[in-house]
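Before any comments, here is the structure.
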Amino acid sequence: MSPAADHIRDQQRTVWDQFSAGWKKWDAEVLGWHAPFGDALITEARLRPDSSVLDVAAGTGEPGLTAAGLVPEGSVTLTDISEGMLRVAGEKAAARGLRNVHTTVSDAAALPFGDGTFDAVLCRFGFMYFPDMSAALAEMVRTARPGARISAAVWSRAAENPWASLVLGTIARHTELPLPAQGAPGLFRCAALGFMSRVFQNAGLLDVTERKVSTELVRNSPESYWEFMTEIAATVTAGLAQADTAARELIRSDVFQLLDRYEHDGAIRLRSTATIVAGTRAAGAPSRFDV
């Protein structure tokens, strides 16, 4: 990995370790919100009771922990660069009595597993942030058995995700954030139509499919939305850090006003849309490719 990619990875590890407490606090809310995306990945994985499953960039454990309940004769390995996030995942596995779950702190671009180890590989909301997507997917392909399914979820376009674009757009209007370099890690980096399909096809994966899944982030008040986003969304916190006290108050006020248009039946409902891509590991698939 290049020195620049190493630097990005180290920064990400620090950030996710810092945010692990927030993710633990809001675990039930995130679990319900993200469930449709994880369920879609599991459906694409075509698991058997004895499947060996790898969940890359697993964070606090999903969808790997859900998959573990579906493979009672198999196993699930959760990997992430953040030890803090995986600690939360381990606590959740123990609380659920899941004895077939293992955690391993690992960079997605250097997985510490042998070739052809897993029957299925899952990655929910990891690809957008990988410093080197080609290296990460190459590792997923390498560690998957021939015939294994690899499935991933990435956020779709900003317009399809007001849960994030509402607050991020407001921050951008009140601060002078530098424009990210083209292809740099970010929330909507993989959102272009067909982008992830091309990535998977370039990796030599077969039977590649791409579809969208939508749900809603539901909060009971603007205050609840603000607290939630500032405690789990590193991008939001980083943007607010660029604003002085007066600007932060103005951002908060503007966000609260914008949320009015999303109030329905006594709750704030914000559309959340992900692209689900999946493919099958072929025999003799390449170990390195370009995206």
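Ligands are numbered from 1 in the order shown, chains are lettered A, B, ... in the order of the structure tokens, and residues start at 1 in each chain.
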
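For range 188-259 of chain A, the set of residues given strand (DSSP E) by DSSP on the backbone reads Leu206, Asp207, Val208, Thr209, Glu210, Arg211, Lys212, Val213, Ser214, Thr215, Glu216, Leu217, Val218 and Arg219 of chain A.
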
Those residues you just picked out, can you put them in a file as a CSV table (one decimal), in the first residue's frame with all heavy atoms?
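Below is the file that was written, result_29.csv:
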chain,number,residue,atom,x,y,z
A,206,LEU,N,-18.1,-13.2,-11.5
A,206,LEU,CA,-19.1,-13.6,-12.5
A,206,LEU,C,-20.5,-13.3,-12.0
A,206,LEU,O,-20.7,-13.1,-10.8
A,206,LEU,CB,-19.0,-15.1,-12.8
A,206,LEU,CG,-17.6,-15.6,-13.3
A,206,LEU,CD1,-17.6,-17.1,-13.5
A,206,LEU,CD2,-17.2,-14.8,-14.5
A,207,ASP,N,-21.5,-13.3,-12.9
A,207,ASP,CA,-22.9,-13.1,-12.5
A,207,ASP,C,-23.1,-11.9,-11.6
A,207,ASP,O,-23.9,-11.9,-10.6
A,207,ASP,CB,-23.4,-14.4,-11.8
A,207,ASP,CG,-23.2,-15.7,-12.5
A,207,ASP,OD1,-23.4,-15.7,-13.8
A,207,ASP,OD2,-22.8,-16.7,-11.9
A,208,VAL,N,-22.5,-10.8,-12.0
A,208,VAL,CA,-22.6,-9.6,-11.2
A,208,VAL,C,-24.0,-8.9,-11.4
A,208,VAL,O,-24.5,-8.8,-12.5
A,208,VAL,CB,-21.5,-8.6,-11.6
A,208,VAL,CG1,-21.6,-7.3,-10.9
A,208,VAL,CG2,-20.1,-9.2,-11.4
A,209,THR,N,-24.6,-8.6,-10.2
A,209,THR,CA,-25.9,-7.9,-10.2
A,209,THR,C,-25.7,-6.7,-9.4
A,209,THR,O,-24.9,-6.6,-8.5
A,209,THR,CB,-27.0,-8.8,-9.6
A,209,THR,OG1,-26.6,-9.1,-8.2
A,209,THR,CG2,-27.1,-10.1,-10.4
A,210,GLU,N,-26.6,-5.7,-9.7
A,210,GLU,CA,-26.6,-4.4,-9.0
A,210,GLU,C,-28.1,-4.0,-8.8
A,210,GLU,O,-28.8,-4.0,-9.8
A,210,GLU,CB,-25.8,-3.4,-9.7
A,210,GLU,CG,-25.7,-2.0,-8.9
A,210,GLU,CD,-24.9,-1.0,-9.7
A,210,GLU,OE1,-23.7,-1.3,-9.9
A,210,GLU,OE2,-25.4,0.1,-9.9
A,211,ARG,N,-28.5,-3.6,-7.6
A,211,ARG,CA,-29.8,-3.1,-7.4
A,211,ARG,C,-29.8,-2.1,-6.2
A,211,ARG,O,-28.8,-2.1,-5.5
A,211,ARG,CB,-30.8,-4.3,-7.1
A,211,ARG,CG,-30.4,-5.1,-5.8
A,211,ARG,CD,-31.3,-6.3,-5.8
A,211,ARG,NE,-30.9,-7.2,-4.7
A,211,ARG,CZ,-31.5,-7.2,-3.5
A,211,ARG,NH1,-32.4,-6.4,-3.2
A,211,ARG,NH2,-31.1,-8.1,-2.6
A,212,LYS,N,-30.9,-1.4,-6.1
A,212,LYS,CA,-31.0,-0.4,-5.0
A,212,LYS,C,-32.0,-0.9,-4.0
A,212,LYS,O,-33.0,-1.5,-4.3
A,212,LYS,CB,-31.4,0.9,-5.5
A,212,LYS,CG,-30.3,1.6,-6.4
A,212,LYS,CD,-30.7,3.0,-6.8
A,212,LYS,CE,-29.6,3.7,-7.6
A,212,LYS,NZ,-29.9,5.1,-7.9
A,213,VAL,N,-31.7,-0.6,-2.7
A,213,VAL,CA,-32.6,-0.8,-1.6
A,213,VAL,C,-32.8,0.5,-0.8
A,213,VAL,O,-31.8,1.2,-0.5
A,213,VAL,CB,-32.0,-1.9,-0.7
A,213,VAL,CG1,-32.8,-2.1,0.6
A,213,VAL,CG2,-31.9,-3.3,-1.4
A,214,SER,N,-34.0,0.8,-0.5
A,214,SER,CA,-34.3,2.0,0.2
A,214,SER,C,-35.0,1.8,1.5
A,214,SER,O,-35.8,0.8,1.6
A,214,SER,CB,-35.1,3.0,-0.6
A,214,SER,OG,-34.4,3.5,-1.7
A,215,THR,N,-34.8,2.6,2.5
A,215,THR,CA,-35.5,2.6,3.8
A,215,THR,C,-35.5,4.0,4.3
A,215,THR,O,-35.2,4.9,3.6
A,215,THR,CB,-34.8,1.6,4.8
A,215,THR,OG1,-35.7,1.5,5.9
A,215,THR,CG2,-33.5,2.0,5.2
A,216,GLU,N,-35.9,4.2,5.5
A,216,GLU,CA,-35.9,5.5,6.1
A,216,GLU,C,-35.2,5.6,7.5
A,216,GLU,O,-35.3,4.6,8.2
A,216,GLU,CB,-37.4,5.9,6.4
A,216,GLU,CG,-38.2,6.2,5.1
A,216,GLU,CD,-39.6,6.6,5.4
A,216,GLU,OE1,-40.2,6.1,6.5
A,216,GLU,OE2,-40.2,7.4,4.7
A,217,LEU,N,-34.5,6.6,7.7
A,217,LEU,CA,-34.0,7.0,9.0
A,217,LEU,C,-35.1,7.7,9.7
A,217,LEU,O,-35.5,8.8,9.2
A,217,LEU,CB,-32.7,7.8,8.9
A,217,LEU,CG,-32.2,8.4,10.3
A,217,LEU,CD1,-31.8,7.3,11.2
A,217,LEU,CD2,-31.1,9.4,10.1
A,218,VAL,N,-35.6,7.2,10.8
A,218,VAL,CA,-36.7,7.8,11.5
A,218,VAL,C,-36.2,8.3,12.9
A,218,VAL,O,-35.6,7.6,13.7
A,218,VAL,CB,-37.8,6.7,11.7
A,218,VAL,CG1,-39.0,7.4,12.4
A,218,VAL,CG2,-38.3,6.2,10.4
A,219,ARG,N,-36.5,9.6,13.1
A,219,ARG,CA,-36.1,10.2,14.4
A,219,ARG,C,-37.4,10.9,14.9
A,219,ARG,O,-38.2,11.4,14.1
A,219,ARG,CB,-35.0,11.2,14.3
A,219,ARG,CG,-33.7,10.7,13.6
A,219,ARG,CD,-33.2,9.4,14.3
A,219,ARG,NE,-33.0,9.5,15.7
A,219,ARG,CZ,-33.1,8.5,16.6
A,219,ARG,NH1,-33.4,7.3,16.1
A,219,ARG,NH2,-32.9,8.7,17.9

Could the residues of range 148-199 of chain A that have an atom at most 12 Å from range 22-45 of chain A be listed as JSON lines, each with its closest atom pair and the distance in Å to one decimal, counting only C-alpha atoms and ordered by chain and ascending residue number?
{"residue": "A:Ala148", "atom": "CA", "partner": "A:Ala45", "partner_atom": "CA", "distance": 7.9}
{"residue": "A:Arg149", "atom": "CA", "partner": "A:Ala45", "partner_atom": "CA", "distance": 5.2}
{"residue": "A:Ile150", "atom": "CA", "partner": "A:Ala45", "partner_atom": "CA", "distance": 6.7}
{"residue": "A:Ser151", "atom": "CA", "partner": "A:Leu41", "partner_atom": "CA", "distance": 5.7}
{"residue": "A:Ala152", "atom": "CA", "partner": "A:Leu41", "partner_atom": "CA", "distance": 6.5}
{"residue": "A:Ala153", "atom": "CA", "partner": "A:Phe37", "partner_atom": "CA", "distance": 6.9}
{"residue": "A:Val154", "atom": "CA", "partner": "A:Phe37", "partner_atom": "CA", "distance": 9.3}
{"residue": "A:Trp155", "atom": "CA", "partner": "A:Phe37", "partner_atom": "CA", "distance": 10.1}
{"residue": "A:Ser156", "atom": "CA", "partner": "A:Phe37", "partner_atom": "CA", "distance": 11.9}
{"residue": "A:Trp163", "atom": "CA", "partner": "A:Trp33", "partner_atom": "CA", "distance": 11.1}

* To do: Give me the residues within 12 Å of Thr170 in chain A as a PyMOL selection string, counting only C-alpha atoms and dropping any in the same chain fewer than 3 places off.
  => chain A and resi 162+164-167+173-177+236+239-240+243+247-259

* Straight-line distance linking CA of Ala158 in chain A with CA of Gly266 in chain A, stated in Å to one decimal -> 24.9 Å

* To do: Please return as a ChimeraX atom specification: the residues of range 71-275 of chain A that backbone DSSP assigns to alpha helix (DSSP H).
  => /A:83-95,133-143,162-174,195-202,222-232,234-241,245-259

Would you mind exporting C-alpha atoms of the selected residues as a compact mmCIF listing (two decimals), in the first residue's frame?
# COMPACT_ATOMS: atom_id res chain seq x y z
CA GLU A 83 -10.24 -2.39 17.58
CA GLY A 84 -12.78 -0.27 19.44
CA MET A 85 -15.58 -1.07 16.99
CA LEU A 86 -14.77 -4.80 17.04
CA ARG A 87 -14.76 -4.76 20.84
CA VAL A 88 -18.40 -3.64 20.68
CA ALA A 89 -19.11 -6.39 18.13
CA GLY A 90 -17.56 -8.99 20.42
CA GLU A 91 -19.69 -7.83 23.34
CA LYS A 92 -22.82 -8.09 21.20
CA ALA A 93 -21.89 -11.60 20.02
CA ALA A 94 -21.40 -12.72 23.62
CA ALA A 95 -24.68 -11.16 24.72
CA MET A 133 -10.49 -0.28 -3.32
CA SER A 134 -8.72 -2.49 -5.84
CA ALA A 135 -6.46 -3.97 -3.19
CA ALA A 136 -9.36 -4.52 -0.79
CA LEU A 137 -11.54 -6.30 -3.35
CA ALA A 138 -8.57 -8.33 -4.56
CA GLU A 139 -8.17 -9.60 -1.00
CA MET A 140 -11.84 -10.48 -0.75
CA VAL A 141 -11.59 -12.41 -4.02
CA ARG A 142 -8.39 -14.14 -2.91
CA THR A 143 -9.84 -15.32 0.40
CA PRO A 162 -31.28 13.20 2.55
CA TRP A 163 -30.46 11.57 5.92
CA ALA A 164 -26.88 12.67 5.19
CA SER A 165 -27.04 15.25 2.41
CA LEU A 166 -29.36 17.53 4.41
CA VAL A 167 -26.85 18.16 7.17
CA LEU A 168 -23.72 17.88 5.01
CA GLY A 169 -25.11 20.35 2.47
CA THR A 170 -25.95 22.80 5.23
CA ILE A 171 -22.44 22.54 6.66
CA ALA A 172 -20.98 23.15 3.19
CA ARG A 173 -23.04 26.34 2.80
CA HIS A 174 -21.68 27.81 6.04
CA PHE A 195 -19.74 2.00 -10.74
CA MET A 196 -19.71 -0.94 -8.36
CA SER A 197 -20.74 -3.38 -11.09
CA ARG A 198 -17.68 -2.37 -13.09
CA VAL A 199 -15.48 -2.75 -10.01
CA PHE A 200 -16.76 -6.28 -9.46
CA GLN A 201 -16.52 -7.23 -13.12
CA ASN A 202 -12.96 -5.91 -13.34
CA PRO A 222 -34.87 17.53 15.21
CA GLU A 223 -32.90 17.39 18.47
CA SER A 224 -32.77 13.60 18.30
CA TYR A 225 -31.59 13.70 14.67
CA TRP A 226 -28.88 16.21 15.52
CA GLU A 227 -27.63 14.20 18.49
CA PHE A 228 -27.64 10.98 16.46
CA MET A 229 -25.73 12.43 13.50
CA THR A 230 -23.11 14.23 15.58
CA GLU A 231 -22.36 11.07 17.57
CA ILE A 232 -22.13 8.48 14.77
CA ALA A 234 -17.53 11.32 11.49
CA THR A 235 -18.07 13.41 8.33
CA VAL A 236 -20.58 15.62 10.13
CA THR A 237 -18.32 16.11 13.14
CA ALA A 238 -15.34 16.93 10.92
CA GLY A 239 -17.39 19.51 9.03
CA LEU A 240 -18.68 21.16 12.19
CA ALA A 241 -15.12 21.35 13.51
CA THR A 245 -19.47 28.75 17.47
CA ALA A 246 -21.76 31.20 15.66
CA ALA A 247 -21.60 29.21 12.42
CA ARG A 248 -22.33 25.96 14.22
CA GLU A 249 -25.44 27.46 15.80
CA LEU A 250 -26.55 28.75 12.39
CA ILE A 251 -25.98 25.32 10.83
CA ARG A 252 -28.01 23.67 13.58
CA SER A 253 -30.84 26.17 13.16
CA ASP A 254 -30.93 25.72 9.38
CA VAL A 255 -30.92 21.92 9.71
CA PHE A 256 -33.86 22.07 12.12
CA GLN A 257 -35.83 24.23 9.67
CA LEU A 258 -35.09 21.89 6.75
CA LEU A 259 -36.21 18.88 8.78

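Here CA of Gly97 in chain A stands at a distance of 13.5 Å from CA of Leu70 in chain A.
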
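The space between CA of Leu47 in chain A and CA of Ala67 in chain A spans 8.2 Å.
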
* Excluding Met128 in chain A and any residue of its chain fewer than 3 positions from it, enumerate the residues within 7 Å of it, using only C-alpha atoms, and give them as a ChimeraX atom specification. => /A:125,154,185-190

* To do: Counting only C-alpha atoms, figure out which residue out of A:Ala274, A:Ile81, A:Ala57, A:Val71 gets nearest to Ala191 in chain A.
  => A:Ala274

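Of the listed residues (A:Pro72, A:Gly183, A:Pro146, A:Gly59), A:Pro146 comes nearest to Gly116 in chain A; the distances count only C-alpha atoms.
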
* Near Gly74 in chain A, within 7 Å and counting only C-alpha atoms, which residues show up once chain neighbours fewer than 6 positions away are dropped, as JSON, numbers by chain? -> {"A": [49, 50, 51, 52, 100]}

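The closest residue to Gly64 in chain A, picked from A:Ser82, A:Thr103, A:Ser20, A:Gln242 and counting only C-alpha atoms, is A:Thr103.
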